[in-house]
Structure formats: C-alpha cells, structure tokens
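Let me begin by presenting the structure, written as structure tokens, before commenting on it.
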Amino acid sequence: MSDVMARGMQGDAEPQPAAYVRAAVAAVAAYTPGEQPSDPAVIKLNTNENPYPPTARVRTAIAEACRDLHLYPDPSARRLRELAAELYRVDPEGVVAGNGSDELLSILMRAVIDPGQSVAYPVPTYSLYDTLVALQAANAVRIPFGDDFVLPAGLFAAPARMLIVCNPNSPSGTVTPVGRLDELARKRRDALVVIDEAYVDFAAETSLDLVGRHPNVVVLRTMSKSYSLAGLRVGFALTRPGLAAQLAKVKDSYNLSRLAQAGAIAALEDQGTMLAHAGRMRATRSRLTAALETLGFEVLPSQANFVLARRRGEALEALADALKTRRILVRYFAALPDALRISIGSDEQIDRLIAALRAILAR
Ligand SMILES: *Cc1c(COP(=O)(O)O)cnc(C)c1O
C-alpha cells in the first residue's frame, strides 16, 4: 500500500488532503501574519510597516520598469546587489537578493538544514523561524530570554547547525551588543550564525562588520520596514562570496521581479528619505514610550520601529480588542498575554492611539 493510502485511508472514503503532502507539512500550523484589513481608515500598528509611503522617485522607477514586463528580470539582480554592497560595505558577490528577507530565511533553512538537524534561537522572537524549522522537519532549540531580554548564555552551547539572533529582537525591540554576537560567531564556528537585522535602521549599531571577521555569519536586511517597501518584497543576505554562491543555488531563478528591482534601486539611491523617516520614527517612539509609561505600562527599551508595552500579570487581549473596535490594530501574542506590540505610526496615528488608550483605561 502506498504511503498516501496508508496515511489517508478511512474506510472507502477518499484520502484526506493532508495525506498527499509531507508529514512535516501536514503537521505544521500555518504561520499567521498580522491582520491586513481592507478598510483604509484602520490605523495599522500591528505589523511594523513604515507609516510613510514610498517617494515619487520610487513610484516613477517602478512605472518605468513596466515597459519591459514582457522580458524576464535579471536573475541575479546585479545592479541592486552592487548598490547594496556599496552601501553595506561588503563584496557584491557576497550579497543575495531575496523576495523579502522571509525568502532568504527560507533559502537558508533549505540550504543548511537537513531533516532532523537543529536550529537554535532565543525566544520569544519572530515566529516564522518556528514555522520554517517545522516545514524542514528539523528541530527547534528554543532558548528562553529572561525578563531583561539579554542574550541567553545557553545559545553558546546549544547543539545546533544554525543559530538565529533577531537583532533588534521582535517583539521586544531590545538589542544584543555587537560584541556579544562577535563572541558567539567566534565560539560557534561549527554553526552558521544568522543575524536578522530587519529593524537595524532604527537602532544604534549593526553587525555588518562581523561578515568580514567570520566565515560563519549571515546578516539579513529587509527593505520592508525602514525603506517603506513592505509591499514590494525585497531583502538581502550579506555574507562571504563563497557562501552566497551556495545560497543562491537554492533560490528561484527570477525571485525578484523587474518592478521590485527597479523600486528597490530607486529607494537605496535615496538614503536621505529613509534616514529622515527613521529619525522621525525614533522621535515618535520616545514620545509613545513616555505616554505609555504615564498610562501605567512597562515599556522595554526599544531600538526598533515598535515597542512592547506590558502590564505585568494583566491579560491584555481585551485591550487589543477594545482598540480594534476603535479601528486601531496592535499586535497581541498569546505567548505574551500581558503585553502588546505597538508599531511606530505617524505622529497623528500615535496621538489617536494614546487618546484611545486613555479613554479605554479610564473606564
Ligand atoms: C518583517 C521581518 C522580516 C521579514 O521581512 P520581509 O523582507 O518583509 O520578508 C524578517 N525578520 C523579521 C524579524 C521581521 O520583523
């Protein structure tokens, strides 16, 4: 009897759909992205997007690229990678461009991890790591952060072929000093050390220097947050050329569309806009943090474009629901029931959030 029939047979009934896919796929719970409402009036503070839309320059570059849509894009995204290499001061051959950094995480998992092997990371963190490890039929070694979100020492000893550190971390917004990651890469030459820098443009320091110093470091960047391009899907893996060539074997050949490459090039060429938006959001972050503390929340020191606001021992799901009734979305995680993750919106959006919180909490 075939595997499908063995796993799916229930009397004379048809096999269940799950019987036709790998057991690891059937067993995994689908990753749940933050809600994307269709109502444009909703204030979205739930998925860490940039509140400021891309510039006219980016829109024009994308419009111009439309003329050539009958032709395949550059499979290696050479111009985009060269620009990224110049900006991040790495070898252009050490840059892999991805359809968002999510694709690069998926490429890393497929390129590095065999079924049954282990991937270690501190938790709570970006929950897509769990999903990708499970899809690979691999083992997640989840090492809990303490209350202070200092990098757990257990990561240095974790039996794993890949270590992932999200830095700044989500959903805490906290950072691990680069010196500590340098030490991790040095002591764990047996493992690939992936540093997910999705939020680093809102932070004080980057781990990019570690690429030059260690053969086992991959830094991931995305244009989704600081560059206001979540809808375009562009990210980068930055590493040594030899490893980049191995990773590139695993990607789809045309993983970045012409529109994505054109828009990303225009956005990278305009550092001024990104830096101005990030600076503005850092100021809004300070203002929101102070207001939340006045309202009785504990706020972890954030270097990202969101804050984690806690009320110890209180279940905050009802508060998230009450905000939603007022058409304000924030992120609630069942794993952190006394906390809400709030993205840094525009000043106007954050003012409306603070007013809504005041009204709800006063009841
Ligand atoms: C948003 C995010 C990503 C995904 O970025 P995309 O480039 O949009 O796929 C990866 N890692 C972390 C930690 C993120 O928050």
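Every chain in the structure tokens has a letter given in the order shown (A, B, ...), and although residue numbers restart at 1 in each chain, ligands are simply numbered from 1 in the order shown.
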
Counting only C-alpha atoms and all ligand atoms, give me one row per residue of chain A with an atom at most 6 Å from an atom of ligand 1, showing the shortest contact pair and its distance in Å to one decimal, sorted by chain then residue number, as a Markdown table.
```
| residue | atom | partner | partner_atom_place_in_ligand_line | distance |
| --- | --- | --- | --- | --- |
| A:Gly100 | CA | ligand 1 | 7 (O) | 3.2 |
| A:Ser101 | CA | ligand 1 | 7 (O) | 3.7 |
| A:Asp102 | CA | ligand 1 | 9 (O) | 3.7 |
| A:Tyr126 | CA | ligand 1 | 13 (C) | 5.1 |
| A:Cys166 | CA | ligand 1 | 13 (C) | 5.7 |
| A:Ser170 | CA | ligand 1 | 13 (C) | 5.8 |
| A:Asp196 | CA | ligand 1 | 11 (N) | 5.9 |
| A:Ala198 | CA | ligand 1 | 12 (C) | 5.0 |
| A:Thr222 | CA | ligand 1 | 7 (O) | 4.3 |
| A:Ser224 | CA | ligand 1 | 8 (O) | 4.8 |
| A:Ala230 | CA | ligand 1 | 8 (O) | 5.3 |
| A:Arg233 | CA | ligand 1 | 7 (O) | 5.8 |
| A:Val234 | CA | ligand 1 | 7 (O) | 5.6 |
| A:Gly235 | CA | ligand 1 | 7 (O) | 4.9 |
```

If we count only C-alpha atoms and set the cut-off at 12 Å, which residues sit around Gly231 in chain A, ignoring sequence neighbours fewer than 5 positions away in its own chain? Please answer as a compact mmCIF listing (two decimals) with all heavy atoms, in the first residue's frame.
```
# COMPACT_ATOMS: atom_id res chain seq x y z
N GLN A 36 -4.28 42.17 7.82
CA GLN A 36 -4.22 43.25 6.82
C GLN A 36 -5.65 43.62 6.47
O GLN A 36 -6.27 43.02 5.60
CB GLN A 36 -3.45 42.79 5.56
CG GLN A 36 -1.97 42.48 5.78
CD GLN A 36 -1.13 43.72 6.10
OE1 GLN A 36 -1.54 44.85 5.91
NE2 GLN A 36 0.08 43.49 6.61
N GLU A 49 4.93 48.06 9.73
CA GLU A 49 5.18 48.73 8.46
C GLU A 49 5.58 50.18 8.74
O GLU A 49 5.35 50.71 9.82
CB GLU A 49 3.89 48.72 7.61
CG GLU A 49 3.57 47.34 7.05
CD GLU A 49 2.10 46.99 7.16
OE1 GLU A 49 1.45 47.44 8.13
OE2 GLU A 49 1.61 46.27 6.28
N ASN A 50 6.17 50.82 7.72
CA ASN A 50 6.51 52.23 7.83
C ASN A 50 5.25 53.04 7.57
O ASN A 50 4.53 52.74 6.61
CB ASN A 50 7.59 52.55 6.78
CG ASN A 50 8.35 53.82 7.09
OD1 ASN A 50 7.75 54.87 7.26
ND2 ASN A 50 9.66 53.72 7.18
N PRO A 53 4.61 56.54 3.11
CA PRO A 53 4.67 55.80 1.86
C PRO A 53 5.94 56.09 1.08
O PRO A 53 6.65 57.07 1.35
CB PRO A 53 3.43 56.29 1.09
CG PRO A 53 3.04 57.58 1.72
CD PRO A 53 3.58 57.59 3.12
N PRO A 54 6.26 55.24 0.08
CA PRO A 54 7.47 55.47 -0.73
C PRO A 54 7.35 56.78 -1.52
O PRO A 54 6.25 57.25 -1.80
CB PRO A 54 7.54 54.26 -1.66
CG PRO A 54 6.20 53.61 -1.61
CD PRO A 54 5.57 54.00 -0.32
N ASN A 99 13.22 37.80 -2.25
CA ASN A 99 11.85 38.29 -2.32
C ASN A 99 11.37 38.53 -0.88
O ASN A 99 10.61 37.75 -0.31
CB ASN A 99 11.00 37.22 -3.03
CG ASN A 99 9.64 37.73 -3.42
OD1 ASN A 99 8.65 37.50 -2.73
ND2 ASN A 99 9.57 38.43 -4.51
N GLY A 100 11.90 39.58 -0.29
CA GLY A 100 11.73 39.81 1.15
C GLY A 100 12.77 38.99 1.90
O GLY A 100 13.32 38.02 1.36
N THR A 222 16.18 43.90 5.31
CA THR A 222 14.94 43.98 4.53
C THR A 222 14.66 45.42 4.16
O THR A 222 15.05 46.34 4.90
CB THR A 222 13.74 43.41 5.31
OG1 THR A 222 12.54 43.65 4.55
CG2 THR A 222 13.58 44.06 6.68
N MET A 223 13.99 45.64 3.04
CA MET A 223 13.55 46.99 2.67
C MET A 223 12.11 47.24 3.12
O MET A 223 11.52 48.27 2.83
CB MET A 223 13.71 47.20 1.17
CG MET A 223 15.19 47.07 0.76
SD MET A 223 15.55 47.69 -0.90
CE MET A 223 15.39 49.46 -0.68
N SER A 224 11.54 46.27 3.86
CA SER A 224 10.12 46.35 4.23
C SER A 224 9.84 47.38 5.30
O SER A 224 8.75 47.94 5.35
CB SER A 224 9.62 45.00 4.72
OG SER A 224 9.64 44.07 3.68
N LYS A 225 10.76 47.60 6.22
CA LYS A 225 10.46 48.44 7.35
C LYS A 225 11.01 49.86 7.13
O LYS A 225 10.26 50.77 6.87
CB LYS A 225 11.01 47.82 8.64
CG LYS A 225 10.12 46.73 9.24
CD LYS A 225 10.10 45.43 8.55
CE LYS A 225 9.08 44.45 9.09
NZ LYS A 225 9.64 43.12 9.27
N LEU A 259 9.84 44.98 -11.32
CA LEU A 259 9.30 46.10 -10.55
C LEU A 259 10.00 46.19 -9.20
O LEU A 259 10.35 47.28 -8.73
CB LEU A 259 7.78 45.94 -10.36
CG LEU A 259 6.96 45.70 -11.62
CD1 LEU A 259 5.47 45.77 -11.29
CD2 LEU A 259 7.32 46.70 -12.72
N ALA A 260 10.22 45.05 -8.58
CA ALA A 260 10.89 45.02 -7.27
C ALA A 260 12.31 45.55 -7.40
O ALA A 260 12.77 46.36 -6.59
CB ALA A 260 10.89 43.61 -6.71
N GLY A 263 12.23 49.45 -8.11
CA GLY A 263 11.80 50.22 -6.95
C GLY A 263 12.85 50.20 -5.85
O GLY A 263 13.13 51.22 -5.20
N ALA A 264 13.46 49.04 -5.65
CA ALA A 264 14.46 48.90 -4.59
C ALA A 264 15.70 49.73 -4.91
O ALA A 264 16.29 50.37 -4.03
CB ALA A 264 14.83 47.43 -4.40
```

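Distances from A:Ala304, A:Val165, A:Ala356, A:Leu323 to Ser207 in chain A were compared using only C-alpha atoms, and the smallest one belongs to A:Val165.
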
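Proximity to Pro73 in chain A was assessed for A:Ala13, A:Leu353, A:Met281, A:Ala262 counting only C-alpha atoms; the smallest distance is recorded for A:Ala262.
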
query: In range 111-266 of chain A, what's strand (DSSP E or B) per DSSP? Answer as a PyMOL selection string?
result: chain A and resi 118-123+139-144+162-166+192-196+217-222+235-238

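Distances from A:Ala97, A:Leu210, A:Leu132, A:Val21 to Asn255 in chain A were compared using only C-alpha atoms, and the smallest one belongs to A:Ala97.
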
For range 346-352 of chain A, work out the shell of residues within 10 Å, counting only C-alpha atoms and skipping chain neighbours fewer than 6 positions away, then give it as a PDB file with all heavy atoms, in the first residue's frame.
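Here's the written file around.pdb:
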```
ATOM      1  N   VAL A  42      -8.530  52.155   8.911  1.00  0.00           N
ATOM      2  CA  VAL A  42      -7.983  51.497  10.093  1.00  0.00           C
ATOM      3  C   VAL A  42      -6.546  51.971  10.325  1.00  0.00           C
ATOM      4  O   VAL A  42      -5.762  52.107   9.383  1.00  0.00           O
ATOM      5  CB  VAL A  42      -8.024  49.956   9.910  1.00  0.00           C
ATOM      6  CG1 VAL A  42      -7.203  49.257  10.979  1.00  0.00           C
ATOM      7  CG2 VAL A  42      -9.458  49.461   9.924  1.00  0.00           C
ATOM      8  N   ILE A  43      -6.221  52.249  11.588  1.00  0.00           N
ATOM      9  CA  ILE A  43      -4.849  52.627  11.943  1.00  0.00           C
ATOM     10  C   ILE A  43      -4.083  51.342  12.223  1.00  0.00           C
ATOM     11  O   ILE A  43      -4.365  50.628  13.184  1.00  0.00           O
ATOM     12  CB  ILE A  43      -4.840  53.560  13.165  1.00  0.00           C
ATOM     13  CG1 ILE A  43      -5.552  54.877  12.793  1.00  0.00           C
ATOM     14  CG2 ILE A  43      -3.413  53.818  13.644  1.00  0.00           C
ATOM     15  CD1 ILE A  43      -5.588  55.904  13.915  1.00  0.00           C
ATOM     16  N   LYS A  44      -3.115  51.028  11.370  1.00  0.00           N
ATOM     17  CA  LYS A  44      -2.397  49.748  11.439  1.00  0.00           C
ATOM     18  C   LYS A  44      -1.119  49.904  12.246  1.00  0.00           C
ATOM     19  O   LYS A  44      -0.126  50.426  11.753  1.00  0.00           O
ATOM     20  CB  LYS A  44      -2.018  49.288  10.029  1.00  0.00           C
ATOM     21  CG  LYS A  44      -3.147  48.599   9.290  1.00  0.00           C
ATOM     22  CD  LYS A  44      -2.617  47.776   8.125  1.00  0.00           C
ATOM     23  CE  LYS A  44      -2.142  46.414   8.543  1.00  0.00           C
ATOM     24  NZ  LYS A  44      -0.767  46.247   8.845  1.00  0.00           N
ATOM     25  N   LEU A  45      -1.155  49.432  13.465  1.00  0.00           N
ATOM     26  CA  LEU A  45       0.055  49.459  14.300  1.00  0.00           C
ATOM     27  C   LEU A  45       0.391  48.023  14.693  1.00  0.00           C
ATOM     28  O   LEU A  45       0.877  47.774  15.788  1.00  0.00           O
ATOM     29  CB  LEU A  45      -0.180  50.349  15.525  1.00  0.00           C
ATOM     30  CG  LEU A  45      -0.633  51.789  15.225  1.00  0.00           C
ATOM     31  CD1 LEU A  45      -0.939  52.549  16.515  1.00  0.00           C
ATOM     32  CD2 LEU A  45       0.410  52.537  14.402  1.00  0.00           C
ATOM     33  N   ASN A  50       6.171  50.819   7.721  1.00  0.00           N
ATOM     34  CA  ASN A  50       6.514  52.228   7.829  1.00  0.00           C
ATOM     35  C   ASN A  50       5.245  53.038   7.568  1.00  0.00           C
ATOM     36  O   ASN A  50       4.528  52.743   6.613  1.00  0.00           O
ATOM     37  CB  ASN A  50       7.588  52.549   6.782  1.00  0.00           C
ATOM     38  CG  ASN A  50       8.351  53.824   7.093  1.00  0.00           C
ATOM     39  OD1 ASN A  50       7.752  54.873   7.260  1.00  0.00           O
ATOM     40  ND2 ASN A  50       9.663  53.718   7.175  1.00  0.00           N
ATOM     41  N   PRO A  51       4.922  54.038   8.403  1.00  0.00           N
ATOM     42  CA  PRO A  51       3.694  54.799   8.162  1.00  0.00           C
ATOM     43  C   PRO A  51       3.826  55.747   6.962  1.00  0.00           C
ATOM     44  O   PRO A  51       2.822  56.267   6.475  1.00  0.00           O
ATOM     45  CB  PRO A  51       3.515  55.597   9.454  1.00  0.00           C
ATOM     46  CG  PRO A  51       4.887  55.750  10.005  1.00  0.00           C
ATOM     47  CD  PRO A  51       5.638  54.501   9.601  1.00  0.00           C
ATOM     48  N   TYR A  52       5.070  55.996   6.516  1.00  0.00           N
ATOM     49  CA  TYR A  52       5.281  56.961   5.441  1.00  0.00           C
ATOM     50  C   TYR A  52       5.441  56.217   4.117  1.00  0.00           C
ATOM     51  O   TYR A  52       6.291  55.348   3.991  1.00  0.00           O
ATOM     52  CB  TYR A  52       6.515  57.810   5.755  1.00  0.00           C
ATOM     53  CG  TYR A  52       6.386  58.463   7.111  1.00  0.00           C
ATOM     54  CD1 TYR A  52       7.190  58.060   8.175  1.00  0.00           C
ATOM     55  CD2 TYR A  52       5.403  59.422   7.346  1.00  0.00           C
ATOM     56  CE1 TYR A  52       7.036  58.634   9.439  1.00  0.00           C
ATOM     57  CE2 TYR A  52       5.240  59.992   8.601  1.00  0.00           C
ATOM     58  CZ  TYR A  52       6.059  59.595   9.646  1.00  0.00           C
ATOM     59  OH  TYR A  52       5.885  60.142  10.886  1.00  0.00           O
ATOM     60  N   HIS A 277      12.868  59.467   7.588  1.00  0.00           N
ATOM     61  CA  HIS A 277      11.728  58.731   8.154  1.00  0.00           C
ATOM     62  C   HIS A 277      12.124  58.007   9.437  1.00  0.00           C
ATOM     63  O   HIS A 277      11.408  58.038  10.437  1.00  0.00           O
ATOM     64  CB  HIS A 277      11.172  57.730   7.138  1.00  0.00           C
ATOM     65  CG  HIS A 277      10.431  58.381   6.003  1.00  0.00           C
ATOM     66  ND1 HIS A 277      10.148  57.713   4.839  1.00  0.00           N
ATOM     67  CD2 HIS A 277       9.914  59.629   5.866  1.00  0.00           C
ATOM     68  CE1 HIS A 277       9.492  58.528   4.021  1.00  0.00           C
ATOM     69  NE2 HIS A 277       9.335  59.697   4.620  1.00  0.00           N
ATOM     70  N   ARG A 280      12.490  60.427  12.296  1.00  0.00           N
ATOM     71  CA  ARG A 280      11.183  60.876  12.759  1.00  0.00           C
ATOM     72  C   ARG A 280      10.520  59.793  13.610  1.00  0.00           C
ATOM     73  O   ARG A 280       9.914  60.076  14.649  1.00  0.00           O
ATOM     74  CB  ARG A 280      10.344  61.136  11.517  1.00  0.00           C
ATOM     75  CG  ARG A 280       9.271  62.151  11.709  1.00  0.00           C
ATOM     76  CD  ARG A 280       8.864  62.648  10.348  1.00  0.00           C
ATOM     77  NE  ARG A 280       7.438  62.991  10.374  1.00  0.00           N
ATOM     78  CZ  ARG A 280       6.752  63.314   9.294  1.00  0.00           C
ATOM     79  NH1 ARG A 280       7.348  63.331   8.110  1.00  0.00           N
ATOM     80  NH2 ARG A 280       5.480  63.621   9.397  1.00  0.00           N
ATOM     81  N   MET A 281      10.649  58.540  13.162  1.00  0.00           N
ATOM     82  CA  MET A 281      10.010  57.443  13.900  1.00  0.00           C
ATOM     83  C   MET A 281      10.688  57.207  15.247  1.00  0.00           C
ATOM     84  O   MET A 281      10.033  56.836  16.222  1.00  0.00           O
ATOM     85  CB  MET A 281       9.995  56.179  13.036  1.00  0.00           C
ATOM     86  CG  MET A 281       9.005  56.326  11.877  1.00  0.00           C
ATOM     87  SD  MET A 281       9.303  55.185  10.536  1.00  0.00           S
ATOM     88  CE  MET A 281       8.594  53.702  11.219  1.00  0.00           C
ATOM     89  N   ALA A 283      11.888  59.586  17.086  1.00  0.00           N
ATOM     90  CA  ALA A 283      11.341  60.637  17.956  1.00  0.00           C
ATOM     91  C   ALA A 283       9.927  60.247  18.409  1.00  0.00           C
ATOM     92  O   ALA A 283       9.567  60.407  19.581  1.00  0.00           O
ATOM     93  CB  ALA A 283      11.335  61.973  17.225  1.00  0.00           C
ATOM     94  N   THR A 284       9.125  59.722  17.492  1.00  0.00           N
ATOM     95  CA  THR A 284       7.768  59.292  17.842  1.00  0.00           C
ATOM     96  C   THR A 284       7.820  58.149  18.855  1.00  0.00           C
ATOM     97  O   THR A 284       6.998  58.070  19.770  1.00  0.00           O
ATOM     98  CB  THR A 284       7.006  58.844  16.569  1.00  0.00           C
ATOM     99  OG1 THR A 284       7.147  59.846  15.565  1.00  0.00           O
ATOM    100  CG2 THR A 284       5.526  58.610  16.858  1.00  0.00           C
ATOM    101  N   ARG A 285       8.810  57.269  18.681  1.00  0.00           N
ATOM    102  CA  ARG A 285       8.986  56.143  19.606  1.00  0.00           C
ATOM    103  C   ARG A 285       9.223  56.647  21.037  1.00  0.00           C
ATOM    104  O   ARG A 285       8.630  56.123  21.988  1.00  0.00           O
ATOM    105  CB  ARG A 285      10.171  55.288  19.123  1.00  0.00           C
ATOM    106  CG  ARG A 285      10.474  54.073  19.957  1.00  0.00           C
ATOM    107  CD  ARG A 285      11.609  53.268  19.345  1.00  0.00           C
ATOM    108  NE  ARG A 285      12.910  53.924  19.503  1.00  0.00           N
ATOM    109  CZ  ARG A 285      14.000  53.636  18.787  1.00  0.00           C
ATOM    110  NH1 ARG A 285      13.965  52.700  17.848  1.00  0.00           N
ATOM    111  NH2 ARG A 285      15.132  54.277  18.996  1.00  0.00           N
ATOM    112  N   ARG A 287       8.297  59.514  22.290  1.00  0.00           N
ATOM    113  CA  ARG A 287       7.071  60.158  22.760  1.00  0.00           C
ATOM    114  C   ARG A 287       6.042  59.093  23.164  1.00  0.00           C
ATOM    115  O   ARG A 287       5.406  59.186  24.207  1.00  0.00           O
ATOM    116  CB  ARG A 287       6.516  61.022  21.622  1.00  0.00           C
ATOM    117  CG  ARG A 287       5.668  62.183  22.059  1.00  0.00           C
ATOM    118  CD  ARG A 287       5.496  63.175  20.918  1.00  0.00           C
ATOM    119  NE  ARG A 287       4.795  62.635  19.769  1.00  0.00           N
ATOM    120  CZ  ARG A 287       3.486  62.443  19.708  1.00  0.00           C
ATOM    121  NH1 ARG A 287       2.725  62.730  20.744  1.00  0.00           N
ATOM    122  NH2 ARG A 287       2.937  61.951  18.619  1.00  0.00           N
ATOM    123  N   LEU A 288       5.891  58.047  22.348  1.00  0.00           N
ATOM    124  CA  LEU A 288       4.940  56.981  22.669  1.00  0.00           C
ATOM    125  C   LEU A 288       5.347  56.259  23.953  1.00  0.00           C
ATOM    126  O   LEU A 288       4.512  55.954  24.806  1.00  0.00           O
ATOM    127  CB  LEU A 288       4.845  55.979  21.502  1.00  0.00           C
ATOM    128  CG  LEU A 288       4.030  54.715  21.783  1.00  0.00           C
ATOM    129  CD1 LEU A 288       2.566  55.067  22.088  1.00  0.00           C
ATOM    130  CD2 LEU A 288       4.091  53.739  20.608  1.00  0.00           C
ATOM    131  N   ALA A 291       4.396  58.294  26.945  1.00  0.00           N
ATOM    132  CA  ALA A 291       2.938  58.310  27.148  1.00  0.00           C
ATOM    133  C   ALA A 291       2.458  56.971  27.710  1.00  0.00           C
ATOM    134  O   ALA A 291       1.606  56.935  28.614  1.00  0.00           O
ATOM    135  CB  ALA A 291       2.234  58.621  25.825  1.00  0.00           C
ATOM    136  N   ARG A 326     -12.221  50.459  18.030  1.00  0.00           N
ATOM    137  CA  ARG A 326     -11.984  51.854  17.641  1.00  0.00           C
ATOM    138  C   ARG A 326     -11.123  51.948  16.389  1.00  0.00           C
ATOM    139  O   ARG A 326     -10.491  52.978  16.130  1.00  0.00           O
ATOM    140  CB  ARG A 326     -11.306  52.599  18.800  1.00  0.00           C
ATOM    141  CG  ARG A 326     -12.246  52.760  19.969  1.00  0.00           C
ATOM    142  CD  ARG A 326     -11.481  53.164  21.225  1.00  0.00           C
ATOM    143  NE  ARG A 326     -12.355  53.041  22.378  1.00  0.00           N
ATOM    144  CZ  ARG A 326     -12.827  54.069  23.081  1.00  0.00           C
ATOM    145  NH1 ARG A 326     -12.470  55.278  22.767  1.00  0.00           N
ATOM    146  NH2 ARG A 326     -13.634  53.858  24.092  1.00  0.00           N
ATOM    147  N   ILE A 328      -8.240  50.610  15.625  1.00  0.00           N
ATOM    148  CA  ILE A 328      -6.786  50.693  15.795  1.00  0.00           C
ATOM    149  C   ILE A 328      -6.283  49.269  16.031  1.00  0.00           C
ATOM    150  O   ILE A 328      -6.709  48.605  16.971  1.00  0.00           O
ATOM    151  CB  ILE A 328      -6.397  51.590  16.995  1.00  0.00           C
ATOM    152  CG1 ILE A 328      -6.925  53.021  16.780  1.00  0.00           C
ATOM    153  CG2 ILE A 328      -4.883  51.593  17.196  1.00  0.00           C
ATOM    154  CD1 ILE A 328      -6.710  53.950  17.967  1.00  0.00           C
ATOM    155  N   ARG A 358      -6.202  56.089  26.667  1.00  0.00           N
ATOM    156  CA  ARG A 358      -6.651  56.877  27.816  1.00  0.00           C
ATOM    157  C   ARG A 358      -8.127  56.643  28.077  1.00  0.00           C
ATOM    158  O   ARG A 358      -8.540  56.394  29.203  1.00  0.00           O
ATOM    159  CB  ARG A 358      -6.447  58.364  27.555  1.00  0.00           C
ATOM    160  CG  ARG A 358      -5.122  58.831  28.024  1.00  0.00           C
ATOM    161  CD  ARG A 358      -5.091  60.333  28.295  1.00  0.00           C
ATOM    162  NE  ARG A 358      -3.689  60.695  28.250  1.00  0.00           N
ATOM    163  CZ  ARG A 358      -3.097  61.359  27.271  1.00  0.00           C
ATOM    164  NH1 ARG A 358      -3.809  61.860  26.283  1.00  0.00           N
ATOM    165  NH2 ARG A 358      -1.820  61.572  27.310  1.00  0.00           N
TER     166      ARG A 358
END
```

Show me, as a compact mmCIF listing (two decimals) with all heavy atoms, in the first residue's frame, the residues that have an atom within 9 Å of Met109 in chain A when counting only C-alpha atoms, minus same-chain residues fewer than 3 positions from it.
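Result file is result18.txt:
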```txt
# COMPACT_ATOMS: atom_id res chain seq x y z
N LEU A 104 14.73 34.76 2.15
CA LEU A 104 16.12 34.43 2.48
C LEU A 104 16.19 33.50 3.68
O LEU A 104 17.03 32.60 3.72
CB LEU A 104 16.92 35.72 2.71
CG LEU A 104 17.02 36.56 1.42
CD1 LEU A 104 17.43 37.99 1.71
CD2 LEU A 104 18.00 35.91 0.43
N LEU A 105 15.29 33.67 4.63
CA LEU A 105 15.22 32.73 5.76
C LEU A 105 14.86 31.33 5.26
O LEU A 105 15.43 30.33 5.69
CB LEU A 105 14.18 33.20 6.78
CG LEU A 105 14.60 34.37 7.67
CD1 LEU A 105 13.39 35.02 8.35
CD2 LEU A 105 15.61 33.91 8.72
N SER A 106 13.92 31.28 4.33
CA SER A 106 13.50 30.00 3.77
C SER A 106 14.65 29.36 2.97
O SER A 106 14.91 28.16 3.07
CB SER A 106 12.26 30.24 2.91
OG SER A 106 12.03 29.17 2.06
N VAL A 112 20.79 24.81 4.41
CA VAL A 112 21.70 24.47 5.52
C VAL A 112 21.20 23.28 6.35
O VAL A 112 22.00 22.52 6.87
CB VAL A 112 21.90 25.71 6.43
CG1 VAL A 112 22.77 25.40 7.64
CG2 VAL A 112 22.50 26.87 5.62
N ILE A 113 19.89 23.13 6.45
CA ILE A 113 19.34 22.21 7.45
C ILE A 113 18.71 20.96 6.82
O ILE A 113 17.77 21.06 6.02
CB ILE A 113 18.28 22.96 8.30
CG1 ILE A 113 18.91 24.18 8.97
CG2 ILE A 113 17.65 22.04 9.35
CD1 ILE A 113 20.06 23.86 9.93
N ASP A 114 19.23 19.82 7.19
CA ASP A 114 18.61 18.56 6.80
C ASP A 114 17.54 18.19 7.82
O ASP A 114 17.61 18.60 8.98
CB ASP A 114 19.67 17.44 6.78
CG ASP A 114 20.43 17.38 5.46
OD1 ASP A 114 19.81 17.68 4.41
OD2 ASP A 114 21.63 17.06 5.50
N VAL A 119 18.11 23.86 14.80
CA VAL A 119 18.28 25.31 14.66
C VAL A 119 17.94 25.92 16.01
O VAL A 119 16.89 25.63 16.57
CB VAL A 119 17.32 25.88 13.59
CG1 VAL A 119 17.55 27.37 13.40
CG2 VAL A 119 17.46 25.13 12.27
N LEU A 132 9.35 27.71 9.70
CA LEU A 132 10.31 27.24 8.70
C LEU A 132 11.07 26.00 9.17
O LEU A 132 11.34 25.08 8.39
CB LEU A 132 11.30 28.36 8.34
CG LEU A 132 10.68 29.57 7.63
CD1 LEU A 132 11.72 30.67 7.43
CD2 LEU A 132 10.07 29.17 6.29
N VAL A 133 11.42 25.98 10.46
CA VAL A 133 12.12 24.81 11.02
C VAL A 133 11.19 23.59 10.95
O VAL A 133 11.61 22.50 10.53
CB VAL A 133 12.56 25.09 12.47
CG1 VAL A 133 13.05 23.80 13.15
CG2 VAL A 133 13.66 26.14 12.51
N GLN A 136 10.86 22.09 7.57
CA GLN A 136 12.07 21.38 7.16
C GLN A 136 12.19 20.04 7.89
O GLN A 136 13.14 19.31 7.67
CB GLN A 136 13.28 22.29 7.45
CG GLN A 136 14.54 21.99 6.70
CD GLN A 136 14.36 22.12 5.20
OE1 GLN A 136 13.42 22.72 4.72
NE2 GLN A 136 15.26 21.50 4.47
N MET A 162 22.53 25.74 13.00
CA MET A 162 22.27 27.15 12.69
C MET A 162 21.77 27.85 13.94
O MET A 162 20.97 27.27 14.69
CB MET A 162 21.22 27.27 11.58
CG MET A 162 21.09 28.68 11.01
SD MET A 162 19.63 28.96 9.97
CE MET A 162 19.90 27.85 8.64
```
